[in-house]
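A.B. asks: After the structure tokens below, expect a handful of questions from me.
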Amino acid sequence: MHHKFAVFDRCITLTGSYNWTRSAAEFNEENILVTHDPRIAGRFQEEFNCLWKKLR
């Protein structure tokens, strides 16, 4: 599994295939979804917390 997501202020979520590089912005066919739904942010935050626990 290859996650790419960010959660801001527990209410804004960014997710998608987008590589956060200049090449992605200029040359690649990428997608990104931005949502302000706090329920979605909460689910992604839970996933982040699970991943973070595994790395400790």
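Each chain in the structure tokens gets a letter, A, B, ..., in the order shown, and its residues are numbered from 1; ligands are numbered from 1 in order too.
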Give me, as a ChimeraX atom specification, the residues of chain A that a backbone DSSP run labels strand (DSSP E or B).

C.D. replies: /A:5-8,12-15,33-35

A.B. asks: Would you give me, as a ChimeraX atom specification, the residues in chain A that DSSP reads as helix (DSSP H, G or I)?

C.D. replies: /A:22-26,38-55

A.B. asks: Would you put the residues from that selection into a file with N, CA and C atoms, as a short mmCIF file (atom, residue, chain, number, x, y, z; two decimals), in the first residue's frame?

C.D. replies:
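Generated file (part_17.cif):
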```cif
data_model
loop_
_atom_site.label_atom_id
_atom_site.label_comp_id
_atom_site.auth_asym_id
_atom_site.auth_seq_id
_atom_site.Cartn_x
_atom_site.Cartn_y
_atom_site.Cartn_z
N ARG A 22 8.30 18.93 -8.48
CA ARG A 22 8.18 19.80 -9.64
C ARG A 22 7.80 18.99 -10.88
N SER A 23 8.40 17.81 -11.03
CA SER A 23 8.08 16.97 -12.20
C SER A 23 6.59 16.62 -12.24
N ALA A 24 6.04 16.31 -11.09
CA ALA A 24 4.60 15.98 -11.04
C ALA A 24 3.77 17.17 -11.48
N ALA A 25 4.15 18.33 -11.01
CA ALA A 25 3.39 19.54 -11.33
C ALA A 25 3.50 19.91 -12.80
N GLU A 26 4.64 19.63 -13.40
CA GLU A 26 4.87 20.09 -14.77
C GLU A 26 4.65 19.02 -15.84
N PRO A 38 -14.66 17.21 8.01
CA PRO A 38 -13.94 16.74 9.20
C PRO A 38 -14.09 15.24 9.46
N ARG A 39 -15.16 14.63 8.96
CA ARG A 39 -15.31 13.17 9.13
C ARG A 39 -14.25 12.43 8.33
N ILE A 40 -13.98 12.89 7.13
CA ILE A 40 -12.94 12.27 6.30
C ILE A 40 -11.57 12.51 6.93
N ALA A 41 -11.36 13.74 7.39
CA ALA A 41 -10.09 14.05 8.06
C ALA A 41 -9.88 13.14 9.26
N GLY A 42 -10.94 12.88 10.01
CA GLY A 42 -10.83 12.00 11.17
C GLY A 42 -10.41 10.59 10.80
N ARG A 43 -10.95 10.07 9.71
CA ARG A 43 -10.58 8.72 9.28
C ARG A 43 -9.12 8.65 8.85
N PHE A 44 -8.68 9.67 8.10
CA PHE A 44 -7.28 9.70 7.69
C PHE A 44 -6.36 9.89 8.89
N GLN A 45 -6.79 10.68 9.87
CA GLN A 45 -5.99 10.87 11.08
C GLN A 45 -5.85 9.56 11.83
N GLU A 46 -6.92 8.78 11.90
CA GLU A 46 -6.86 7.46 12.53
C GLU A 46 -5.85 6.57 11.82
N GLU A 47 -5.88 6.59 10.49
CA GLU A 47 -4.93 5.78 9.72
C GLU A 47 -3.50 6.23 9.97
N PHE A 48 -3.30 7.55 10.01
CA PHE A 48 -1.96 8.06 10.30
C PHE A 48 -1.50 7.59 11.68
N ASN A 49 -2.38 7.66 12.66
CA ASN A 49 -2.01 7.23 14.02
C ASN A 49 -1.62 5.75 14.04
N CYS A 50 -2.34 4.92 13.30
CA CYS A 50 -1.99 3.49 13.23
C CYS A 50 -0.62 3.30 12.58
N LEU A 51 -0.38 4.00 11.49
CA LEU A 51 0.93 3.90 10.83
C LEU A 51 2.05 4.39 11.74
N TRP A 52 1.79 5.47 12.44
CA TRP A 52 2.81 6.04 13.33
C TRP A 52 3.16 5.07 14.45
N LYS A 53 2.14 4.39 15.01
CA LYS A 53 2.38 3.39 16.06
C LYS A 53 3.28 2.26 15.56
N LYS A 54 3.08 1.84 14.33
CA LYS A 54 3.88 0.75 13.76
C LYS A 54 5.35 1.15 13.63
N LEU A 55 5.61 2.44 13.42
CA LEU A 55 6.97 2.90 13.22
C LEU A 55 7.72 3.14 14.53
#
```

A.B. asks: Could you check how far atom CA of Asn31 of chain A sits from atom CA of Val7 of chain A, in Å to one decimal?

C.D. replies: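 Atom CA of Val7 of chain A lies 16.8 Å from atom CA of Asn31 of chain A.
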
A.B. asks: Could you tell me which of A:His2, A:Gly16, A:Arg56, A:Asp9 comes closest to Glu29 of chain A if we count only C-alpha atoms?

C.D. replies: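 Closest candidate: A:Gly16.
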
A.B. asks: What lies within 7 Å of Thr13 of chain A using only C-alpha atoms, ignoring chain neighbours under 5 positions off, as a list in words?

C.D. replies: Ala6, Val7, Phe8, Val34, Thr35, His36 and Ala41 of chain A
